[in-house]
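Have a look at the structure below, then the notes.
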There are 2 protein chains.
Amino acid sequence: MVRRTSFEDSDCPVARSVDAIGDWWSLLIVRDAFDGSRRFGEFQRSLGVAKNILSARLRALVAGGVLELVPAADGSAYQEYALTAKGRALFPVIVALRQWGESHFFDDGEPHSELLDRRDGRPLAELRVHAADGRPVAPEETVVAKVPR
Amino acid sequence: MVRRTSFEDSDCPVARSVDAIGDWWSLLIVRDAFDGSRRFGEFQRSLGVAKNILSARLRALVAGGVLELVPAADGSAYQEYALTAKGRALFPVIVALRQWGESHFFDDGEPHSELLDRRDGRPLAELRVHAADGRPVAPEETVVAKVPR
DNA sequence: CGGATTTGGTAGCATGTTGCAACCAGATGT
DNA sequence: ACATCTGGTTGCAACATGCTACCAAATCCG
């Protein structure tokens, strides 16, 4: 994306997040990281993305503090990409996108990969937005407060 | 983004969602729609995006069923873009991105726009991922079930 | 009514980014 | 030692992006 206008100075957190993630490939990389991918080759096989693109995205994610390079768990000289705390904090974003996709882009019975609770093997609960007091809120019940200058 | 490989046939809901949204501009358009923007000009002023890009994105979002064209509320001959039910279902995605941005890209006290509960004026609760039984689950406590062929 | 302005776009063009293929160095396997 | 795997980089063509100019219809304003 040719973007002469970066969002890194925007006062909207959504814009900064979008800017930090970079592009959709990056988000799918993060998804794969949640799913257990750790090595360059794993990401590449899973995503089918060109290696130069993957290389650039991984570097950007590391620079952005979403991933970090750690020594390979198997003791080899290679390195692995691991989610940082900041990267793991993207979990609700991935889950939200996943649930939206499940709800709107698959016919009844059409098979798709699913995110399950490891403990009981059941799908996760639908994400819901709540107010500070725990009451569920719909979009119309919210308001964006413009930044206090 | 030059993407010869579309994700529309992926079995991963995240990939299909990403594909359906299209690009980051589209997501910011949806964010603005949640914030009350309805007209072409409103989106353009708010985003500062080139008109041809905005035009293409709006058309794609309408084609994808995220937005729909409705007669203008003020009775004029113009039309307005309104979120469909499918579009409104993106609310958790936007909120998740917003909260991630708030947590990681603003210094303490740095002003930023905020999403508040209209009823009590307080920020929303932090989104959390729960299992079917209501227990909170961390990423490591989940597993992706590969599609049953 | 008539002219100016706003709204909501489209068209053309330069440029940057994507994505493919080829290549390459170091680590690993045998 | 030799082959292969891993993890990249480089060059290049094609395409999408984004800017500016242009345009038609609707609306405003005197």
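Within each chain, counting starts at residue 1; across the structure tokens, chains are named A, B, ... in the order shown, with ligands numbered 1 upward in that order.
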
Subject >> Nearby residues (only C-alpha atoms (C1' of nucleotides)) at most 12 Å from D:DA3, same-chain spacing under 5 positions excluded, as a ChimeraX atom specification >> reply: /C:28-30

Would you write out, as a Markdown table, a table of all residues in stretch 48-74 of chain A that have an atom no more than 10 Å from an atom of stretch 3-27 of chain C, listing for each the closest atom pair and the distance in Å to one decimal, considering only C-alpha atoms (C1' of nucleotides) and ordering rows by chain and rising residue number?
```
| residue | atom | partner | partner_atom | distance |
| --- | --- | --- | --- | --- |
| A:Val49 | CA | C:DG19 | C1' | 8.5 |
| A:Ala50 | CA | C:DG19 | C1' | 6.4 |
| A:Lys51 | CA | C:DG19 | C1' | 9.3 |
| A:Asn52 | CA | C:DG19 | C1' | 8.7 |
| A:Ile53 | CA | C:DG19 | C1' | 8.0 |
```

Subject >> Contacts of B:Pro13 at 12 Å (only C-alpha atoms (C1' of nucleotides); same-chain gap of 6+ positions) as number ranges by chain >> reply: A: 28, 31, 94-107, 110-115; B: 7, 19-20, 144, 146-147

Chain A near chain D within 12 Å: what's each residue's closest atom pair and its distance in Å to one decimal, counting only C-alpha atoms (C1' of nucleotides), ordered by chain then ascending residue number, as CSV?
```
residue,atom,partner,partner_atom,distance
A:Met1,CA,D:DT17,C1',6.4
A:Val2,CA,D:DT17,C1',5.3
A:Arg3,CA,D:DT17,C1',7.8
A:Arg4,CA,D:DG18,C1',8.5
A:Thr5,CA,D:DG18,C1',10.2
A:Arg39,CA,D:DG7,C1',9.3
A:Phe40,CA,D:DG7,C1',6.8
A:Gly41,CA,D:DT6,C1',7.3
A:Glu42,CA,D:DT6,C1',10.6
A:Phe43,CA,D:DG7,C1',11.7
A:Gln44,CA,D:DG7,C1',10.6
A:Ala50,CA,D:DG8,C1',11.3
A:Lys51,CA,D:DG8,C1',7.7
A:Asn52,CA,D:DT9,C1',7.7
A:Ile53,CA,D:DG8,C1',11.0
A:Leu54,CA,D:DG8,C1',9.9
A:Ser55,CA,D:DG8,C1',7.4
A:Ala56,CA,D:DG8,C1',10.4
A:Leu58,CA,D:DG8,C1',11.7
A:Arg59,CA,D:DG8,C1',11.6
A:Ser76,CA,D:DT6,C1',11.2
A:Ala77,CA,D:DT6,C1',10.6
A:Tyr78,CA,D:DT6,C1',8.2
A:Gln79,CA,D:DG7,C1',9.7
A:Glu80,CA,D:DG7,C1',10.9
```

Original post:
Given identical sequences, what C-alpha RMSD separates chain A from chain B after least-squares superposition over all Cα in order?
Top reply: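 The root-mean-square deviation of C-alpha positions is 0.1 Å.
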
**OP:** Please give the complete set of residues from stretch 6-128 of chain A that DSSP, run on the backbone, assigns to alpha helix (DSSP H), formatted as an NGL selection string.
**Re:** :A and (13-21 or 24-34 or 40-47 or 51-63 or 85-88 or 91-104)

**OP:** For atom CA of A:Asp23 and atom CA of B:Ser10, quote the distance in Å rounded to one decimal.
**Re:**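 Calculated distance between atom CA of A:Asp23 and atom CA of B:Ser10 is 17.8 Å.
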
Original post:
Out of A:Ala138, A:Ala132, A:Leu47, A:Val30, which residue has the shortest atom-to-atom distance to chain B when counting only C-alpha atoms?
Top reply: A:Ala132

If you count only C-alpha atoms (C1' of nucleotides), which residues fall within 12 Å of A:Val129, apart from same-chain ones fewer than 5 positions away, as a compact mmCIF listing (two decimals) with N, CA, C and O atoms, in the first residue's frame?
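For reference, part39.txt as written:
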```txt
# COMPACT_ATOMS: atom_id res chain seq x y z
N PRO A 92 -7.54 -11.09 21.19
CA PRO A 92 -8.95 -10.75 20.94
C PRO A 92 -9.21 -10.26 19.52
O PRO A 92 -10.29 -10.49 18.97
N ALA A 96 -11.83 -12.08 17.24
CA ALA A 96 -12.96 -11.31 16.72
C ALA A 96 -13.08 -11.49 15.21
O ALA A 96 -14.18 -11.71 14.68
N GLY A 134 -20.08 -4.19 33.27
CA GLY A 134 -20.37 -5.56 32.87
C GLY A 134 -21.59 -5.72 31.98
O GLY A 134 -21.83 -6.80 31.43
N ARG A 135 -22.36 -4.66 31.83
CA ARG A 135 -23.55 -4.70 30.99
C ARG A 135 -23.10 -4.76 29.52
O ARG A 135 -22.21 -4.04 29.11
N PRO A 136 -23.72 -5.63 28.70
CA PRO A 136 -23.35 -5.68 27.28
C PRO A 136 -23.78 -4.40 26.58
O PRO A 136 -24.85 -3.87 26.89
N VAL A 137 -22.94 -3.89 25.70
CA VAL A 137 -23.31 -2.68 24.98
C VAL A 137 -23.26 -2.90 23.48
O VAL A 137 -22.35 -3.56 22.96
N ALA A 138 -24.25 -2.34 22.80
CA ALA A 138 -24.28 -2.37 21.33
C ALA A 138 -23.55 -1.14 20.82
O ALA A 138 -23.33 -0.18 21.56
N PRO A 139 -23.17 -1.16 19.54
CA PRO A 139 -22.45 -0.02 18.96
C PRO A 139 -23.17 1.31 19.19
O PRO A 139 -22.53 2.32 19.49
N GLU A 140 -24.49 1.29 19.06
CA GLU A 140 -25.23 2.55 19.17
C GLU A 140 -25.21 3.10 20.59
O GLU A 140 -25.54 4.26 20.82
N GLU A 141 -24.87 2.25 21.53
CA GLU A 141 -24.84 2.70 22.92
C GLU A 141 -23.49 3.25 23.32
O GLU A 141 -23.23 3.48 24.50
N THR A 142 -22.64 3.42 22.31
CA THR A 142 -21.32 3.97 22.62
C THR A 142 -21.13 5.29 21.90
O THR A 142 -21.85 5.62 20.97
N ALA B 89 -21.66 -6.26 12.91
CA ALA B 89 -21.04 -7.40 13.60
C ALA B 89 -19.52 -7.27 13.68
O ALA B 89 -18.86 -8.03 14.37
N LEU B 90 -18.98 -6.28 13.00
CA LEU B 90 -17.53 -6.03 13.10
C LEU B 90 -17.18 -5.25 14.36
O LEU B 90 -16.00 -4.99 14.62
N PHE B 91 -18.18 -4.88 15.12
CA PHE B 91 -17.94 -4.06 16.31
C PHE B 91 -16.84 -4.62 17.21
O PHE B 91 -15.89 -3.90 17.58
N PRO B 92 -16.89 -5.90 17.56
CA PRO B 92 -15.82 -6.42 18.42
C PRO B 92 -14.43 -6.31 17.78
O PRO B 92 -13.44 -6.13 18.49
N VAL B 93 -14.36 -6.42 16.48
CA VAL B 93 -13.07 -6.31 15.81
C VAL B 93 -12.50 -4.90 16.01
O VAL B 93 -11.33 -4.72 16.39
N ILE B 94 -13.34 -3.91 15.78
CA ILE B 94 -12.90 -2.53 15.94
C ILE B 94 -12.53 -2.26 17.40
O ILE B 94 -11.49 -1.64 17.68
N VAL B 95 -13.35 -2.73 18.30
CA VAL B 95 -13.08 -2.50 19.72
C VAL B 95 -11.78 -3.17 20.13
O VAL B 95 -10.97 -2.59 20.86
N ALA B 96 -11.56 -4.38 19.62
CA ALA B 96 -10.32 -5.09 19.96
C ALA B 96 -9.10 -4.33 19.45
O ALA B 96 -8.12 -4.16 20.18
N GLN B 99 -8.62 -1.19 21.60
CA GLN B 99 -8.05 -1.43 22.92
C GLN B 99 -6.58 -1.81 22.83
O GLN B 99 -5.77 -1.42 23.68
N LEU B 115 -13.50 5.37 23.26
CA LEU B 115 -14.84 4.87 23.05
C LEU B 115 -15.52 4.70 24.42
O LEU B 115 -15.05 3.94 25.26
N LEU B 116 -16.60 5.45 24.61
CA LEU B 116 -17.25 5.46 25.92
C LEU B 116 -18.64 4.89 25.86
O LEU B 116 -19.32 4.97 24.83
N ASP B 117 -19.05 4.33 26.96
CA ASP B 117 -20.43 3.92 27.13
C ASP B 117 -21.28 5.19 27.19
O ASP B 117 -21.02 6.08 28.00
N PRO B 123 -15.20 4.43 29.99
CA PRO B 123 -14.66 3.55 28.93
C PRO B 123 -15.24 2.15 29.04
O PRO B 123 -15.68 1.73 30.12
N LEU B 124 -15.21 1.44 27.94
CA LEU B 124 -15.74 0.08 27.95
C LEU B 124 -14.81 -0.86 28.70
O LEU B 124 -13.65 -0.54 28.93
N ALA B 125 -15.36 -1.99 29.07
CA ALA B 125 -14.53 -3.01 29.71
C ALA B 125 -13.58 -3.61 28.69
O ALA B 125 -13.86 -3.62 27.50
N GLU B 126 -12.45 -4.07 29.18
CA GLU B 126 -11.48 -4.73 28.31
C GLU B 126 -12.11 -6.01 27.74
O GLU B 126 -12.71 -6.80 28.48
N LEU B 127 -11.98 -6.17 26.44
CA LEU B 127 -12.50 -7.38 25.79
C LEU B 127 -11.75 -8.60 26.32
O LEU B 127 -10.52 -8.57 26.43
N ARG B 128 -12.46 -9.65 26.60
CA ARG B 128 -11.77 -10.86 26.97
C ARG B 128 -12.35 -12.08 26.28
O ARG B 128 -13.56 -12.14 26.01
N VAL B 129 -11.50 -13.03 26.03
CA VAL B 129 -11.91 -14.24 25.34
C VAL B 129 -12.31 -15.27 26.39
O VAL B 129 -11.57 -15.53 27.33
```

Subject >> Separation of atom CA of A:Ala15 from atom CA of B:Asp32 in Å >> reply: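 Interatomic distance, atom CA of B:Asp32 to atom CA of A:Ala15: 10.9 Å.
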
**OP:** Name all residues at most 10 Å from B:Gly22 (count only C-alpha atoms (C1' of nucleotides); drop same-chain ones fewer than 4 positions away) and give them as a PyMOL selection string.
**Re:** (chain A and resi 24) or (chain B and resi 1+16-18+26-27+57+60-61+64)
